[in-house]
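Chemist: Below is the file entry-v6.txt, which contains compact mmCIF, C-alpha atoms and all ligand atoms.
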```txt
# COMPACT_ATOMS: atom_id res chain seq x y z
CA MET A 1 0.00 0.00 0.00
CA ARG A 2 1.42 3.39 -0.91
CA ILE A 3 0.55 6.96 -1.71
CA GLU A 4 1.91 8.05 -5.07
CA LYS A 5 0.76 11.63 -5.36
CA ILE A 6 -1.05 14.22 -3.30
CA ALA A 7 -2.47 17.62 -4.21
CA LEU A 8 -3.44 20.13 -1.53
CA ASN A 9 -5.74 23.02 -2.22
CA GLY A 10 -6.42 25.55 0.53
CA PHE A 11 -5.37 22.97 3.12
CA ARG A 12 -3.62 24.52 6.17
CA ASN A 13 -0.73 26.65 4.80
CA TYR A 14 -0.84 25.04 1.33
CA GLU A 15 -2.49 27.27 -1.26
CA TRP A 16 -2.06 24.81 -4.05
CA ASP A 17 0.73 22.29 -4.42
CA THR A 18 1.41 18.69 -5.30
CA ALA A 19 3.95 16.13 -4.13
CA GLU A 20 5.01 12.77 -5.50
CA PHE A 21 6.23 10.10 -3.17
CA ALA A 22 8.63 7.20 -3.71
CA PRO A 23 7.51 3.68 -2.75
CA GLY A 24 10.12 3.38 0.06
CA THR A 25 11.49 6.08 2.35
CA ASN A 26 10.48 9.72 1.85
CA VAL A 27 12.08 12.40 3.99
CA ILE A 28 10.07 15.60 4.32
CA SER A 29 12.61 18.19 5.25
CA GLY A 30 12.34 21.87 6.10
CA GLN A 31 12.68 24.46 8.83
CA ASN A 32 10.14 24.93 11.60
CA ALA A 33 6.61 26.02 10.72
CA GLN A 34 6.90 25.45 6.95
CA GLY A 35 4.23 22.76 6.51
CA LYS A 36 5.90 19.39 7.14
CA THR A 37 3.42 18.16 9.73
CA ASN A 38 0.57 19.64 7.69
CA LEU A 39 1.58 17.40 4.79
CA LEU A 40 1.64 14.30 7.03
CA GLU A 41 -1.68 15.35 8.48
CA ALA A 42 -3.21 15.40 5.00
CA VAL A 43 -1.92 11.88 4.29
CA TYR A 44 -3.22 10.70 7.67
CA MET A 45 -6.66 12.06 6.83
CA LEU A 46 -6.83 9.78 3.80
CA SER A 47 -7.04 6.81 6.18
CA CYS A 48 -9.95 7.92 8.34
CA GLY A 49 -11.24 11.35 7.32
CA ARG A 50 -10.07 12.85 10.61
CA SER A 51 -6.98 14.77 11.66
CA PHE A 52 -4.73 13.62 14.49
CA ARG A 53 -4.34 17.24 15.58
CA THR A 54 -7.83 18.68 15.66
CA ARG A 55 -11.48 17.69 15.69
CA PHE A 56 -12.46 20.84 13.81
CA ASP A 57 -12.46 20.98 10.02
CA ARG A 58 -12.41 24.75 10.12
CA GLU A 59 -8.84 24.62 11.45
CA LEU A 60 -7.79 22.62 8.38
CA VAL A 61 -9.06 25.16 5.89
CA GLY A 62 -6.36 27.65 4.90
CA PHE A 63 -6.72 31.15 6.29
CA GLY A 64 -8.81 33.15 3.82
CA TYR A 65 -10.15 30.04 2.05
CA SER A 66 -13.72 28.78 2.17
CA GLU A 67 -12.84 25.18 1.34
CA ALA A 68 -9.92 22.76 1.66
CA GLN A 69 -9.32 19.91 -0.72
CA ILE A 70 -7.02 16.89 -0.60
CA LEU A 71 -6.64 14.87 -3.79
CA ALA A 72 -4.57 11.69 -3.78
CA ASP A 73 -3.50 8.85 -6.02
CA VAL A 74 -2.87 5.75 -3.95
CA TYR A 75 -1.99 2.20 -4.80
CA SER A 76 -3.65 -0.35 -2.54
CA HIS A 77 -5.20 -3.80 -2.79
CA ASP A 78 -3.36 -4.28 -6.10
CA ARG A 79 -4.85 -1.32 -7.91
CA ALA A 80 -4.59 2.40 -8.45
CA GLN A 81 -7.25 4.36 -6.57
CA THR A 82 -8.10 8.03 -6.23
CA ILE A 83 -9.37 9.88 -3.19
CA ASP A 84 -10.97 13.30 -3.27
CA MET A 85 -11.77 14.95 0.06
CA ARG A 86 -13.33 18.37 0.52
CA MET A 87 -13.91 20.23 3.76
CA ARG A 88 -15.97 23.33 4.36
CA PRO A 89 -16.49 24.80 7.82
CA GLY A 90 -19.93 23.91 9.12
CA MET A 91 -20.61 21.25 6.47
CA THR A 92 -20.00 17.52 6.47
CA LYS A 93 -16.92 16.39 4.64
CA ARG A 94 -17.37 15.10 1.13
CA ILE A 95 -15.24 12.05 0.43
CA LEU A 96 -15.04 10.27 -2.92
CA VAL A 97 -13.03 7.11 -3.52
CA ASN A 98 -12.77 6.39 -7.26
CA GLY A 99 -15.74 8.73 -7.66
CA VAL A 100 -17.92 6.86 -5.15
CA LYS A 101 -19.12 8.56 -1.98
CA LYS A 102 -17.66 7.16 1.27
CA THR A 103 -17.64 7.90 5.00
CA GLY A 104 -14.46 8.58 6.94
CA ALA A 105 -14.60 5.12 8.51
CA GLU A 106 -14.90 3.49 5.09
CA LEU A 107 -11.59 5.01 4.01
CA ALA A 108 -9.90 2.26 6.05
CA GLU A 109 -10.85 -0.11 3.22
CA THR A 110 -8.56 1.88 0.92
CA VAL A 111 -5.76 3.41 3.01
CA ASN A 112 -4.25 2.38 6.34
CA VAL A 113 -1.55 4.28 8.16
CA VAL A 114 0.49 3.89 11.30
CA LEU A 115 1.40 7.28 12.72
CA PHE A 116 4.11 8.22 15.14
CA CYS A 117 3.95 11.79 16.43
CA PRO A 118 5.61 13.47 19.41
CA ASP A 119 2.49 12.81 21.54
CA ASP A 120 3.20 9.10 21.23
CA LEU A 121 6.11 9.49 23.63
CA ASN A 122 3.34 9.50 26.24
CA LEU A 123 2.90 5.82 25.46
CA ILE A 124 5.88 5.10 27.64
CA LYS A 125 5.75 7.84 30.25
CA GLU A 126 2.08 8.56 30.84
CA GLY A 127 -0.82 6.71 32.50
CA ALA A 128 -2.51 3.58 31.22
CA ALA A 129 -5.16 5.39 29.15
CA VAL A 130 -2.76 6.11 26.28
CA ARG A 131 -1.68 2.48 26.10
CA ARG A 132 -5.29 1.29 26.12
CA ARG A 133 -5.90 3.71 23.25
CA LEU A 134 -3.01 2.17 21.32
CA MET A 135 -4.58 -1.28 21.75
CA ASP A 136 -8.09 -0.03 21.00
CA ASN A 137 -7.09 1.81 17.81
CA ALA A 138 -5.02 -1.03 16.46
CA ILE A 139 -7.44 -3.84 17.28
CA SER A 140 -10.51 -2.05 15.96
CA GLN A 141 -8.77 -1.46 12.63
CA ILE A 142 -8.06 -5.18 12.32
CA ARG A 143 -11.24 -6.49 13.98
CA PRO A 144 -14.33 -4.31 13.42
CA ARG A 145 -16.26 -6.44 15.95
CA TYR A 146 -13.89 -5.20 18.65
CA GLY A 147 -14.87 -1.60 17.91
CA GLU A 148 -18.53 -2.50 18.37
CA ILE A 149 -17.96 -4.18 21.72
CA LEU A 150 -15.81 -1.28 22.84
CA SER A 151 -18.49 1.32 22.10
CA GLN A 152 -21.04 -0.84 23.89
CA PHE A 153 -18.68 -1.10 26.85
CA ASN A 154 -18.12 2.66 26.90
CA ARG A 155 -21.86 3.31 26.94
CA LEU A 156 -22.35 0.92 29.86
CA TYR A 157 -19.44 2.50 31.68
CA GLU A 158 -20.86 6.01 31.33
CA HIS A 159 -24.30 4.89 32.47
CA LYS A 160 -23.00 3.01 35.45
CA THR A 161 -20.73 5.90 36.47
CA ARG A 162 -23.75 8.19 36.43
CA ILE A 163 -25.67 5.78 38.68
CA LEU A 164 -22.75 5.57 41.10
CA LYS A 165 -22.49 9.36 41.22
CA ASP A 166 -26.20 10.10 41.62
CA TRP A 167 -27.70 7.23 43.64
CA ARG A 168 -27.69 9.14 46.91
CA GLU A 169 -30.00 11.82 45.51
CA LYS A 170 -32.04 9.30 43.56
CA PRO A 171 -31.99 5.85 45.25
CA SER A 172 -34.28 4.32 42.61
CA LEU A 173 -31.30 4.40 40.23
CA LEU A 174 -29.89 1.44 42.18
CA ASP A 175 -32.57 -0.83 40.70
CA THR A 176 -30.61 -1.08 37.47
CA LEU A 177 -27.07 -0.97 38.88
CA ASP A 178 -26.50 -4.74 38.86
CA GLU A 179 -27.73 -5.00 35.33
CA PHE A 180 -25.15 -2.46 34.15
CA SER A 181 -22.43 -4.15 36.19
CA ASP A 182 -23.27 -7.46 34.58
CA GLY A 183 -23.22 -5.93 31.12
CA MET A 184 -19.81 -4.43 31.81
CA CYS A 185 -18.46 -7.77 33.05
CA ARG A 186 -19.68 -9.48 29.88
CA ALA A 187 -18.26 -6.85 27.54
CA SER A 188 -15.00 -6.74 29.53
CA ALA A 189 -14.56 -10.49 29.14
CA GLN A 190 -14.64 -10.11 25.37
CA LEU A 191 -12.38 -7.06 25.26
CA ILE A 192 -9.87 -8.83 27.48
CA ARG A 193 -9.57 -11.78 25.10
CA TYR A 194 -8.90 -9.51 22.13
CA ARG A 195 -6.46 -7.33 24.05
CA ALA A 196 -4.59 -10.29 25.50
CA SER A 197 -3.96 -11.81 22.11
CA PHE A 198 -3.00 -8.45 20.60
CA ALA A 199 -0.59 -7.78 23.47
CA ALA A 200 0.96 -11.21 22.98
CA ARG A 201 1.54 -10.49 19.30
CA LEU A 202 2.98 -7.08 20.12
CA ASN A 203 5.27 -8.75 22.62
CA GLU A 204 6.54 -11.03 19.86
CA ALA A 205 6.98 -8.32 17.25
CA ALA A 206 8.33 -5.35 19.27
CA PRO A 207 11.37 -6.80 21.12
CA PRO A 208 13.34 -7.83 17.99
CA ILE A 209 12.76 -4.33 16.56
CA GLN A 210 13.97 -2.65 19.75
CA ARG A 211 17.00 -4.95 19.78
CA GLU A 212 18.01 -4.01 16.25
CA PHE A 213 17.14 -0.37 16.76
CA SER A 214 19.30 -0.05 19.86
CA GLY A 215 22.18 -2.13 18.53
CA GLU A 216 21.34 -5.28 20.50
CA GLY A 217 21.58 -3.54 23.87
CA GLU A 218 17.96 -3.28 24.86
CA GLU A 219 15.37 -5.86 25.71
CA LEU A 220 11.80 -4.60 25.53
CA SER A 221 8.99 -6.57 27.11
CA LEU A 222 5.27 -6.00 27.42
CA ALA A 223 2.84 -7.43 29.90
CA TYR A 224 -0.91 -7.09 29.66
CA LYS A 225 -2.59 -6.32 32.99
CA THR A 226 -6.30 -6.64 33.60
CA VAL A 227 -8.84 -7.36 36.37
CA SER A 228 -6.87 -9.14 39.10
CA THR A 229 -9.27 -12.07 39.53
CA VAL A 230 -8.96 -13.18 35.89
CA ARG A 231 -6.89 -16.35 35.99
CA ASP A 232 -6.37 -16.96 32.28
CA VAL A 233 -6.71 -14.07 29.81
CA TYR A 234 -6.76 -16.53 26.91
CA ALA A 235 -9.63 -18.60 28.35
CA GLN A 236 -13.13 -18.68 26.85
CA ALA A 237 -15.06 -15.44 27.34
CA ARG A 238 -17.48 -17.26 29.66
CA GLU A 239 -14.70 -18.28 32.05
CA ILE A 240 -13.23 -14.80 32.04
CA TYR A 241 -16.68 -13.42 32.71
CA TYR A 242 -17.10 -15.58 35.83
CA ASP A 243 -13.72 -14.44 37.12
CA ILE A 244 -14.62 -10.78 36.59
CA CYS A 245 -17.98 -11.25 38.35
CA GLU A 246 -16.05 -12.41 41.39
CA HIS A 247 -14.14 -9.11 41.41
CA GLN A 248 -17.35 -7.19 40.83
CA GLU A 249 -19.08 -8.80 43.80
CA ALA A 250 -16.16 -8.09 46.09
CA HIS A 251 -16.11 -4.44 45.03
CA ARG A 252 -19.81 -3.60 44.87
CA GLN A 253 -19.82 -1.80 48.21
CA ALA A 254 -16.60 0.06 47.46
CA GLU A 255 -18.08 1.25 44.17
CA LEU A 256 -21.12 2.69 45.94
CA GLU A 257 -18.89 4.45 48.44
CA SER A 258 -16.34 5.79 45.98
CA GLY A 259 -18.77 6.59 43.17
CA GLN A 260 -16.45 4.92 40.65
CA CYS A 261 -16.51 1.78 38.53
CA LEU A 262 -13.82 -0.43 40.03
CA THR A 263 -14.31 -3.57 37.97
CA GLY A 264 -13.78 -3.85 34.24
CA ALA A 265 -11.52 -3.51 31.24
CA HIS A 266 -11.39 0.29 31.59
CA LYS A 267 -8.55 -0.15 34.08
CA ASP A 268 -6.38 -2.37 31.85
CA ASP A 269 -2.78 -1.55 31.16
CA LEU A 270 0.08 -2.68 29.02
CA GLU A 271 3.17 -2.62 31.20
CA ILE A 272 6.35 -1.83 29.34
CA GLU A 273 9.79 -2.79 30.57
CA ILE A 274 13.24 -2.16 29.14
CA ASN A 275 15.94 -4.52 30.38
CA GLY A 276 13.63 -5.73 33.11
CA ARG A 277 12.84 -2.28 34.54
CA PRO A 278 9.61 -0.30 34.17
CA ALA A 279 10.17 2.02 31.21
CA ARG A 280 7.83 4.55 32.75
CA SER A 281 10.24 5.28 35.58
CA PHE A 282 13.64 4.48 34.12
CA ALA A 283 13.79 4.99 30.34
CA SER A 284 15.96 7.83 29.00
CA GLN A 285 14.55 10.22 26.38
CA GLY A 286 16.18 8.34 23.54
CA GLN A 287 15.03 5.01 24.94
CA THR A 288 11.53 6.34 25.35
CA ARG A 289 11.45 7.43 21.73
CA THR A 290 12.96 4.16 20.56
CA ALA A 291 10.51 2.07 22.57
CA ALA A 292 7.46 4.04 21.41
CA LEU A 293 8.62 3.69 17.84
CA SER A 294 9.29 -0.03 18.25
CA LEU A 295 5.69 -0.44 19.38
CA LYS A 296 4.45 1.41 16.30
CA LEU A 297 6.65 -0.63 14.00
CA ALA A 298 5.39 -3.78 15.67
CA GLU A 299 1.83 -2.63 15.06
CA ARG A 300 2.77 -2.32 11.40
CA GLU A 301 4.04 -5.92 11.34
CA ILE A 302 0.79 -7.16 12.87
CA PHE A 303 -1.10 -5.24 10.22
CA LEU A 304 0.94 -6.85 7.50
CA ALA A 305 0.28 -10.32 8.91
CA GLU A 306 -3.46 -9.60 9.05
CA THR A 307 -4.01 -7.84 5.75
CA GLY A 308 -1.06 -8.83 3.54
CA GLU A 309 -0.03 -5.18 3.03
CA TYR A 310 2.11 -2.79 5.03
CA PRO A 311 0.21 0.32 6.07
CA ILE A 312 1.86 3.65 5.19
CA LEU A 313 4.16 4.67 8.02
CA LEU A 314 4.04 8.34 9.02
CA LEU A 315 6.80 9.53 11.33
CA ASP A 316 6.55 13.09 12.59
CA ASP A 317 9.60 14.52 14.29
CA VAL A 318 10.96 11.18 15.30
CA LEU A 319 14.65 11.84 14.66
CA SER A 320 15.45 14.45 17.30
CA GLU A 321 16.94 13.04 20.50
CA LEU A 322 18.10 9.90 18.69
CA ASP A 323 21.82 9.22 18.34
CA SER A 324 23.19 8.73 14.82
CA LYS A 325 22.95 4.94 15.02
CA ARG A 326 19.27 5.07 15.88
CA GLN A 327 18.65 7.76 13.26
CA GLU A 328 20.28 5.55 10.67
CA PHE A 329 17.88 2.77 11.62
CA VAL A 330 14.87 5.05 11.04
CA LEU A 331 16.24 6.50 7.79
CA ASN A 332 17.47 3.37 6.11
CA ARG A 333 16.50 0.19 7.84
CA ILE A 334 12.76 0.22 8.18
CA GLY A 335 12.21 -2.27 5.42
CA GLY A 336 9.13 -3.01 3.35
CA GLY A 337 6.29 -0.59 2.87
CA GLN A 338 6.31 3.15 2.42
CA THR A 339 7.53 5.62 5.02
CA LEU A 340 7.10 9.39 5.25
CA ILE A 341 9.42 11.04 7.80
CA THR A 342 9.55 14.72 8.68
CA CYS A 343 12.77 16.29 9.91
CA CYS A 344 14.31 19.73 10.37
CA GLU A 345 16.61 20.82 7.57
CA ASP A 346 19.22 22.12 9.99
CA ALA A 347 19.89 18.61 11.14
CA GLU A 348 21.39 17.80 7.71
CA ILE A 349 19.72 14.47 8.00
CA SER A 350 18.25 14.39 4.55
CA SER A 351 21.65 13.70 2.97
CA ARG A 352 21.96 10.48 4.97
CA THR A 353 19.03 8.62 3.53
CA GLY A 354 18.88 6.55 0.40
CA GLY A 355 15.24 7.55 -0.04
CA ARG A 356 13.55 10.53 -1.69
CA VAL A 357 13.84 13.96 -0.08
CA LEU A 358 11.10 16.58 -0.34
CA PHE A 359 11.85 20.11 0.81
CA VAL A 360 9.02 22.09 2.30
CA GLU A 361 9.19 25.86 2.52
CA LYS A 362 6.27 28.21 3.28
CA GLY A 363 3.68 25.76 2.07
CA ARG A 364 5.55 24.85 -1.12
CA ILE A 365 7.04 21.43 -1.82
CA ARG A 366 10.25 21.07 -3.83
P1 LIG A 401 7.85 22.15 12.92
O1 LIG A 401 9.20 21.79 12.42
O2 LIG A 401 7.91 23.30 13.85
O3 LIG A 401 7.07 21.01 13.44
P2 LIG A 401 6.15 22.11 10.54
O4 LIG A 401 6.82 22.33 9.23
O5 LIG A 401 5.76 20.74 10.89
O6 LIG A 401 7.05 22.77 11.66
P3 LIG A 401 3.34 22.73 10.44
O7 LIG A 401 2.80 22.19 11.70
O8 LIG A 401 3.15 21.89 9.23
O9 LIG A 401 4.88 23.07 10.60
O10 LIG A 401 2.72 24.17 10.24
C1 LIG A 401 3.17 25.08 9.25
C2 LIG A 401 2.44 26.38 9.34
O11 LIG A 401 1.08 26.22 8.96
C3 LIG A 401 2.42 27.04 10.72
O12 LIG A 401 3.05 28.28 10.66
C4 LIG A 401 0.95 27.19 11.03
O13 LIG A 401 0.67 28.40 11.69
C5 LIG A 401 0.33 27.19 9.65
N1 LIG A 401 -1.10 26.84 9.66
C6 LIG A 401 -1.76 26.00 10.46
N2 LIG A 401 -3.07 25.93 10.18
C7 LIG A 401 -3.26 26.76 9.16
C8 LIG A 401 -4.38 27.18 8.40
N3 LIG A 401 -5.61 26.69 8.66
N4 LIG A 401 -4.20 28.08 7.41
C9 LIG A 401 -2.99 28.59 7.15
N5 LIG A 401 -1.87 28.26 7.84
C10 LIG A 401 -2.01 27.37 8.83
MG MG A 402 5.92 19.65 12.64
```
Kindly transcribe the structure held in the file into structure tokens.
Ligand code: ATP
Ligand code: MG

Modeler:
Amino acid sequence: MRIEKIALNGFRNYEWDTAEFAPGTNVISGQNAQGKTNLLEAVYMLSCGRSFRTRFDRELVGFGYSEAQILADVYSHDRAQTIDMRMRPGMTKRILVNGVKKTGAELAETVNVVLFCPDDLNLIKEGAAVRRRLMDNAISQIRPRYGEILSQFNRLYEHKTRILKDWREKPSLLDTLDEFSDGMCRASAQLIRYRASFAARLNEAAPPIQREFSGEGEELSLAYKTVSTVRDVYAQAREIYYDICEHQEAHRQAELESGQCLTGAHKDDLEIEINGRPARSFASQGQTRTAALSLKLAEREIFLAETGEYPILLLDDVLSELDSKRQEFVLNRIGGGQTLITCCEDAEISSRTGGRVLFVEKGRIR
């Protein structure tokens, strides 16, 4: 899967310009605030119709423009395809794939990407929510059923939280509490099975990447953590469900007192260790970046195994803080598939890649 050409019209700081990409590595080079991330953002949007930086289309439309357009030629599922996306503030996006109207979600049938942006460093250093999001995003792209269960779970969670917050003022709410708890236990059991097997695959794919990336020195390991009473995360959903119910029963009173849901997959985590120590507390900046990137590259391998094609890899600002050995890995040794990497011109990095270099200056691509 690859993007061959993109045209941007009134998108962010691009008035009108086109870029052609090589099938392998593409370095997008330029000084700060010239439009490098904007270009990656446009490519990202081709995979889902949304930006990774904003929820608001109006921010994507160039200052002084009434509409933004992204046109792209991509090659995926063994054929050339075209995507035409138009955004106008206050209107729904219009997306055409090969001239046929599609929703943002349906774009995943045509283009898939794996993105690494500076926010992803939080994967290592921040709380569990970011790591759950990594699992949720990746699994729902591969298994649409997972996305359905997850939204169902989230609805139950919100409902139950409201009951636990408001039951003192309105005791009749308690009539339905156990029903919601049961629903959450059931949905959790299913989510846990999916997450456990995804985490296991990640734990197979990520450590060899980290090893090569770091020059053999670093051993990455991942451990999936869920409700403490679950004995076997790979068991049948029914067994997992019974185990979770045990936890739920033991915590019912505490939930009423604390006003919080204490049982369920919303507290899951993916613990990350480097050389046997929790990365969250001990990883250096370079290690943090390397580990986060290894996870993303592992996600790409899982995607390949599932779909037979590498997704397009988008790396925003990944090179800073990496030593030259690790930079060389990013620039020249991420094999297979297409990669788009942004970097600052000053770093003179562009000369060290065998791939194509695109220079971006004031919304123009050379
Ligand atoms: P850095 O190296 O600092 O990350 P960059 O090249 O990635 O820089 P971008 O994030 O792509 O920079 O932004 C380039 C410019 O686009 C910024 O100056 C920003 O203010 C401008 N910009 C953002 N949104 C719009 C918009 N809707 N219309 C016009 N310009 C915009
Ligand atoms: Mg940028």

Chemist: Dump as a PyMOL selection string all residues having an atom at most 8 Å from (-19.9, -2.3, 37.6), computed in the file's coordinates with all atoms listed in the file.

Modeler: chain A and resi 157+160+177-178+180-182+184-185+248+252+255+261-264

Chemist: Rank A:Leu134, A:Leu46, A:Ile334, A:Cys117 by their smallest atom-to-atom distance to ligand MG 402 (chain A), using all atoms listed in the file, and report the top residue only.

Modeler: A:Cys117

Chemist: As a quick test: using all atoms listed in the file, which residues lie no more than 9 Å away from ligand LIG 401 (chain A)? Give them as a PyMOL selection string.

Modeler: chain A and resi 10-15+28-41+58-65+316-317+342-345+360-363

Chemist: Calculated over only C-alpha atoms and all ligand atoms, which of the candidates A:Glu158, A:Glu219, A:Asp268, A:Asp119 has the smallest distance to ligand MG 402 (chain A)?

Modeler: A:Asp119

Chemist: My list of candidates is A:Asn9, A:Arg231, A:Ser320, A:Asp57. Which is closest to ligand MG 402 (chain A) when distances are computed with all atoms listed in the file?

Modeler: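 Of A:Asn9, A:Arg231, A:Ser320, A:Asp57, the one nearest ligand MG 402 (chain A), counting all atoms listed in the file, is A:Ser320.
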
Chemist: Between CA of Gly355 in chain A and CA of Ala22 in chain A, what distance in Å does the model show, to one decimal?

Modeler: 7.6 Å

Chemist: Do you know which residues are at most 10 Å from range 234-245 of chain A counting all atoms listed in the file, after dropping those on the same chain fewer than 2 positions away, and could you put them as a PyMOL selection string?

Modeler: chain A and resi 181-182+184-197+226-232+247-251+263-265

Chemist: Expressed in Å to a single decimal, how great is the separation between CA of Ile142 in chain A and CA of Asn203 in chain A?

Modeler: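 Between CA of Ile142 in chain A and CA of Asn203 in chain A the gap is 17.2 Å.
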
Chemist: Between A:Tyr224, A:Phe116, A:Phe303, A:Phe56, single out the one closest to ligand MG 402 (chain A), counting only C-alpha atoms and all ligand atoms.

Modeler: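 Nearest to ligand MG 402 (chain A): A:Phe116.
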
Chemist: Here is a test: counting only C-alpha atoms, which residue of A:Leu173, A:Ile312, A:Ile274, A:Ala199 is nearest to Glu4 in chain A?

Modeler: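 Closest to Glu4 in chain A of all the choices is A:Ile312.
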
Chemist: Set the distance at 12 Å and use all atoms listed in the file: which residues neighbour Glu216 in chain A once local chain neighbours fewer than 6 positions away are removed? I'd like the list as a list in words.

Modeler: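 Listed by chain and then number, they are Pro207, Pro208, Ile209, Gln210, Asn275, Lys325 and Arg326 of chain A.
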
Chemist: Ranking A:Arg300, A:Arg211, A:Arg53, A:Arg145 by minimum distance to ligand MG 402 (chain A) and counting all atoms listed in the file, which one comes first?

Modeler: A:Arg53

Chemist: In Å, rounded to a single decimal, give me how far CA of Thr161 in chain A is from CA of Lys225 in chain A.

Modeler: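 Separating CA of Lys225 in chain A from CA of Thr161 in chain A is a distance of 22.1 Å.
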
Chemist: Which polymer residues have any atom within 7 Å of an atom of range 124-129 of chain A, counting all atoms listed in the file, with same-chain residues fewer than 3 positions away left out, as a list of chain:residue names?

Modeler: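 These residues fall inside the cut-off: A:Leu121, A:Arg132, A:Arg133, A:Asp269, A:Ala279, A:Arg280, A:Thr288, A:Ala292.
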
Chemist: Write out as a ChimeraX atom specification each polymer residue whose atoms come within 6 Å of Leu340 in chain A, counting only C-alpha atoms; drop sequence neighbours fewer than 2 positions from it.

Modeler: /A:26-27,314
